[in-house]
Amino acid sequence: MENDSLASSKMPVHVYSASGRTSIFKNLKKISKEFPVAHALGFRFAERNIRARYRQSLLGVLWALVPPLATAAIWIFLNQKNIVTLNHTGSSYPLFVITGTMLWSVFSTAVIQPIQTIQANAPILVKINFPRESLIITAFYEISFNALISLVIIVAELVIFKVPVTLYTLLFFPAMVVLILLGMCFGLMVLPLALLYKDVQFALPTFLQLAMYATPVVYAATDFSGFSKILALNPVSPVLTSARDWLLGVNLNPSFGPLILITLGSIFILLMGMILQRIAMEILIERMGT
Amino acid sequence: MMSDKDEILVEVNHVSKKFSKSLKQSMWYGLKDLGSAVLGINNHRSVLRQGEFWAVKDLSFTLRRGECLGLIGRNGAGKSTMLKMLNGLIRPDEGTITIRGKTGALIELSAGFNPLLSGRENVYVNGQLLGFTKKEIDNKLEAILDFAEIGEFIDSPVQNYSSGMKVRLGFAVAAQMEPDVMLIDEVLAVGDIGFVLKCLNKMDELRSKTAMIFVSHAMPFVSRMCTSICFMMEDKTTFQSNDVSAGITKYYEGFKNELGRYDGMDIVEIKKITLGSEGCQFGPGETVTISNGKDLVLTIDLYCHQRINRPTIYLAFYDKEQRNFAEVFNFSDQMQLEEMSGAVTFRAVIPNIQFSQGQYSITIGLNEYDNGVRKMIFRYQSAIYFIVDSKKHGWATMQLEPKWEMIYNAIAK
């Protein structure tokens, strides 16, 4: 009898029941326990997706750069022809706007990617039980990969425009990571709704397009004084603005308070988002069908 | 001390699960459930809301190591829902499921395969999806490639694979699992017979080490694999038994038979076809059940509006898989009928049928010979169905029972 209880105590026991709601703390514990497995799988998925995505294209990864560069080109044109006059200060406008659109594209990818990755993997989600966090990790790696490609443009920019590289330039990188985390926060918050109602996915690109203009991407916050209240409420603007300022070496000492607050906030919301996803997924799988 | 075999690995206790019929409603309920789940509100899961129905209702069973439960039932009986709950993908609305040990599922074999990547690359993705580490896959790669028999195709993109090859590769990866509880859903449907046999052997090997739940519509597999059976019916009642063949008979009986196609001229009318054995005749619409070893009696009432020259009747027997496994062509030899007209009734007695347990149908045809030319009058596909009740449920339709004799036995001397 003792032997048997020893043997069975080694075996994991799963109990599934209707009233099995677990606390946030228990969920966090589970997530951290499964993290190594989830990470390995998530990384493998990301590798698979990235490899497969560009296998059937000639220009490959360069396609990721087209949308932000196109937006930048439009605004450089508008500004040069004085159709829209932006009296921003500091660096040259092309440098300013290319960096801005690149950073915005990193952010908006971070919002959309978790939803896209999970949607694309719905067929296996409803059939196979694997750590649900792995797909979020996949999304993170896919976003980071896109961000790395954007870095190519940013490095080229620094070289071409002869921007001096200082210690502050290095601050750009953590700021970009915060931008990714922040984007993923938004993505994870709407994820359950997006999986239930396709409307969210249809609306999201348009919303992000509009949101770009509510963020100092193609203009500086100083360009419109009346607008500043909205900009102040936008958590993306301080992160994006500081990242760009650090890179281009202007206005090197922003107020760090909001930045730290946003960073901590995103990490907290990201964890909550993972728990939310865990709770939501079994309900969503019921509704997603086969 | 309990032996390994007595370990209860799966305990399903009065489990129910509800679903919604309409998509819009389902989405709305999903949103509400989501809300109450996040807020931790208990939202009366055991009450049906408008438009909802029970997909699984009050199902209970236990399973020990070494046992295999066959979960059978028609489409929509709740088999897949039950598997999803056992797999921990969705939560029951009522009752509890307790699973001890590692769960493995042979469900979507080529899940996670990316068509653009090579077989080898996909093995790694799929393997990790099933819970192997990269190192474990490195070690098992030889065995996987061996089992899959894909040869040099392993480095081609999976989109060039046939569906059979994909399933082979998928099964080969999944076969490396060493779970305590194994869930299997209709995985043997694809693949050639050689591979199917290989899979069955692999599953036999796993069966002794695991508690297995096997979902299939192919009764020969169910009868081969399972030690007990749970037949889930549309009214959400179940038939559970250790007598697998009794469950299979119940399953076959549940089918309303699609009467087949009638091709032919209107010269001859089929008035009635009845089937029975040794005096017990069944009326139309009744399920005809004949015990193995009994005589099969087929009576055909016809009305010929015209004179039929040198008629001949043939019968063809089909099994559930629509295999034509037996024919009757001796009508004209025995009857040697020059002509027939008006009302006629024939009876054929086939003695001592030795069919495997299952459902069968008979196709009836009538030909005439007009100046040496054979002409079809009618062919009635699946004119009548019957069930054979037997303890024997084999791979082959015919289960022969020869008389055995000992001719020589060295030990007996």
# chains A, B, ... in the order shown; residues from 1 in each chain; ligands from 1

call {"tool": "interface_residues", "arguments": {"of": "chain A", "to": "chain B", "cutoff": "8 Å", "atoms": "only C-alpha atoms", "output": "PyMOL selection string"}}
result
chain A and resi 1-4+8+11-19+21+37+40-41+44-45+48+51-52+55+121+123-124+126-130+193+196-197+276+279-280+282-287

call {"tool": "write_last_selection", "arguments": {"atoms": "C-alpha atoms", "output": "short mmCIF file (atom, residue, chain, number, x, y, z; two decimals), in the first residue's frame"}}
result
data_model
loop_
_atom_site.label_atom_id
_atom_site.label_comp_id
_atom_site.auth_asym_id
_atom_site.auth_seq_id
_atom_site.Cartn_x
_atom_site.Cartn_y
_atom_site.Cartn_z
CA MET A 1 0.00 0.00 0.00
CA GLU A 2 2.80 2.37 0.89
CA ASN A 3 4.61 1.64 -2.31
CA ASP A 4 1.54 2.38 -4.26
CA SER A 8 0.97 7.60 -7.34
CA MET A 11 2.06 11.21 -10.79
CA PRO A 12 0.48 14.57 -11.46
CA VAL A 13 -3.22 14.62 -10.64
CA HIS A 14 -5.51 16.86 -12.63
CA VAL A 15 -9.02 17.58 -11.47
CA TYR A 16 -11.33 19.33 -13.89
CA SER A 17 -14.62 20.59 -12.53
CA ALA A 18 -17.10 23.39 -12.96
CA SER A 19 -16.28 25.11 -9.70
CA ARG A 21 -11.90 28.63 -10.28
CA VAL A 37 8.35 24.49 -21.31
CA ALA A 40 10.91 26.49 -25.43
CA LEU A 41 7.72 25.77 -27.35
CA ARG A 44 10.12 26.95 -31.58
CA PHE A 45 6.82 28.25 -32.91
CA ARG A 48 8.79 28.05 -37.49
CA ARG A 51 11.11 30.69 -41.38
CA ALA A 52 7.90 29.82 -43.14
CA ARG A 55 10.15 31.22 -47.61
CA ASN A 121 -3.00 28.66 -34.04
CA PRO A 123 -6.80 24.81 -34.83
CA ILE A 124 -4.19 23.39 -32.46
CA VAL A 126 -8.76 23.58 -29.61
CA LYS A 127 -7.22 20.14 -30.04
CA ILE A 128 -4.00 19.96 -28.07
CA ASN A 129 -3.30 20.82 -24.49
CA PHE A 130 -0.04 22.73 -24.33
CA LEU A 193 -12.83 39.88 -26.94
CA LEU A 196 -14.85 35.99 -29.58
CA TYR A 197 -15.83 38.84 -31.88
CA LEU A 276 -6.73 36.58 -18.14
CA ILE A 279 -8.93 31.86 -17.68
CA ALA A 280 -10.43 32.99 -20.96
CA GLU A 282 -11.04 27.39 -21.98
CA ILE A 283 -14.21 29.46 -22.39
CA LEU A 284 -13.09 30.66 -25.80
CA ILE A 285 -12.16 27.18 -27.00
CA GLU A 286 -15.74 26.13 -26.39
CA ARG A 287 -16.89 28.92 -28.68
#

call {"tool": "select_by_dssp", "arguments": {"residues": "stretch 38-173 of chain A", "states": "helix (DSSP H, G or I)", "output": "PyMOL selection string"}}
result
chain A and resi 38-53+60-80+93-120+122-125+133-160+167-173

call {"tool": "residues_around", "arguments": {"residues": "stretch 292-297 of chain B", "least_positions_apart": "6", "cutoff": "12 Å", "atoms": "only C-alpha atoms", "output": "number ranges by chain"}}
result
B: 273-282, 346-358, 362, 386-393, 397-401

call {"tool": "atom_distance", "arguments": {"atom1": "atom CA of B:Asp58", "atom2": "atom CA of B:Ile229"}}
result
16.4 Å

call {"tool": "closest_residue", "arguments": {"among": "B:Ser36, B:Ser216, B:Thr237, B:Ser22", "to": "B:Glu52", "atoms": "only C-alpha atoms"}}
result
B:Ser22

call {"tool": "atom_distance", "arguments": {"atom1": "atom CA of A:Val163", "atom2": "atom CA of A:Leu248"}}
result
6.6 Å

call {"tool": "residues_around", "arguments": {"residues": "A:Val152", "least_positions_apart": "2", "cutoff": "12 Å", "atoms": "only C-alpha atoms", "output": "PyMOL selection string"}}
result
chain A and resi 61-62+64-65+99+102+145-150+154-159

call {"tool": "write_last_selection", "arguments": {"atoms": "C-alpha atoms", "output": "tab-separated table (two decimals), in the first residue's frame"}}
result
chain	number	residue	atom	x	y	z
A	61	VAL	CA	12.00	40.25	-44.30
A	62	LEU	CA	12.30	43.61	-46.05
A	64	ALA	CA	8.23	44.43	-42.73
A	65	LEU	CA	9.86	47.80	-43.43
A	99	THR	CA	12.47	56.98	-36.50
A	102	MET	CA	9.62	52.77	-37.26
A	145	PHE	CA	12.24	39.92	-34.81
A	146	ASN	CA	10.34	42.68	-36.59
A	147	ALA	CA	11.90	45.20	-34.26
A	148	LEU	CA	15.36	43.88	-35.11
A	149	ILE	CA	14.68	44.44	-38.79
A	150	SER	CA	13.60	47.99	-38.00
A	154	ILE	CA	17.69	52.91	-37.65
A	155	VAL	CA	21.39	52.02	-37.74
A	156	ALA	CA	21.54	53.02	-41.41
A	157	GLU	CA	19.91	56.31	-40.42
A	158	LEU	CA	22.49	56.98	-37.74
A	159	VAL	CA	25.28	56.36	-40.23

call {"tool": "residues_around", "arguments": {"residues": "stretch 268-272 of chain A", "least_positions_apart": "5", "cutoff": "9 Å", "atoms": "only C-alpha atoms", "output": "list in words"}}
result
Ile24, Leu28, Leu181, Leu182, Met184, Cys185, Phe186, Leu188, Met189, Thr263 and Gln277 of chain A

call {"tool": "closest_residue", "arguments": {"among": "A:Leu58, A:Ala72, A:Leu233, A:Leu208", "to": "A:Pro258", "atoms": "only C-alpha atoms"}}
result
A:Leu233

call {"tool": "residues_around", "arguments": {"residues": "stretch 184-187 of chain B", "least_positions_apart": "6", "cutoff": "12 Å", "atoms": "only C-alpha atoms", "output": "PyMOL selection string"}}
result
(chain A and resi 127) or (chain B and resi 68-72+79-84+86-87+103-110+164+166-168+170-171+174-175+195-196+199-200+203+206-207+210-219+221-222+225-226)

call {"tool": "closest_residue", "arguments": {"among": "A:Pro94, A:Gly100, A:Gly257, A:Pro114", "to": "A:Ile137", "atoms": "only C-alpha atoms"}}
result
A:Pro114
